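Report on the following structure.
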Amino acid sequence: IDYTSAINDIIVTFGPGGSSTATGTDVGLDFLDNIENATTGSGNDTFNTADDSSNIFDGGAGTGDTYVYTGSDTDAITVNYDGSDGTVSSAGMDTDTVLNIENYTTGGGDDIFEIADNNSNTLDGGAGNDTYIYTGSSNADITVTYDGTTGTVSSSGMSTDTVNNIENYTTGSGDDIFNITDANDNIINAGAGNDTTNVGGSAASNTFTVVRTGSNVTVTGTGIGNDTYNSIENINITGGIGDDVVNLTESSNNIVYGNGGTKEVIKVVKNSNA
């Protein structure tokens with residue numbers, strides 16, 4: 001069905017078994033039985049889908065269109081989008097083709113968002129252990145900031161993406177920066193380049209353990225979980241206002257200790273197998 005002429009927001013809902021609706025100021029309430037594909041106009045439209053068929057959804061001229069997967073909450077969804085077209089797929093559904101849709105919301109599976117466009121996207125992984133993979137310019141310098149619920153992914157060559165409930169991040173060969181402050185067990189793949197992570201404790205006095213194997217590092221500590229950083233060169237650790245302890249498996253010029261509070265005390269304890 002084609003709503004290209006609509007200028008106001010439309011909500012298209014595709015249910016299981018081919019029973020669907022479209023609602024909005026310009027279209028009223030339409031029942032769309034046995035219709036697989038939908039195109040909307042210049043509004044900020046929403047496509048809710050629980051249909052297992054191969055659908056084509058086109059958001060038209062709007063710049064804030066959203067795809068919401070409302071199928072099985074345990075399906076692991078893969079979103080691949082380059083700024084104009086892409087796909088949404090999983091083992092439990094046929095592949096949807098998505099055109100001119102900027103934002104994506106998934107469910108409780110371990111979802112993957114492969115993003116290569118320069119738009120300001122909003123991506124929500126819902127529950128599950130989700131991953132953002134930047135597939136745009138391989139040498140872009142990416143900055144990832146995430147606090148456990150919401151965050152941003154940005155660079156000089158792209159608009160800022162808003163990321164919600166996405167725990168893991170993969171970038172390319174640029175000099176990337178990761179500001180990860182949540183208590184989840186995050187996995188960061190920094191790729192090539194001279195990459196940096198900024199780690200901060202959540203308490204007045206914190207204990208950090210840094211284990212480096214080549215360019216791969218695990219960091220555990222108060223309020224930060226057990227994070228894995230692959231291909232990371234530089235680690236900046238900021239403690240609290242009390243006495244912090246940093247346990248190392250090696251001495252490295254690329255590990256910098258700082259303190260964000262008023263009591264500048266950091267105790268560095270070398271691991272016995274350093």
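Simple scheme: letters A, B, ... for chains in structure tokens order, numbers from 1 for residues in each chain, numbers from 1 for ligands in the order shown.
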
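Non-sequential neighbours of range 147-155 of chain A (distance at most 6 Å, separation of 5 or more positions within a chain, only C-alpha atoms) are A:Asp141, A:Ile142, A:Thr160, A:Asp161, A:Thr162, A:Val163, A:Asn164, A:Asn165, A:Thr181, A:Asp182.
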
Restricting the calculation to only C-alpha atoms, which member of A:Asp195, A:Glu233, A:Asp110, A:Asp243 is positioned closest to Arg212 in chain A?
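The closest residue to Arg212 in chain A is A:Glu233.
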
Among the residues A:Ala127, A:Ala61, A:Ile101, A:Ala22, the one that comes closest to Ile77 in chain A [using only C-alpha atoms]:
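Checking each candidate against Ile77 in chain A, we get A:Ala127 as the closest.
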
Distance query Asn48 in chain A at most 12 Å, only C-alpha atoms, self and fewer than 4 positions along chain excluded, as a PyMOL selection string:
chain A and resi 10-16+20-23+38+55+57+65-71+103-106
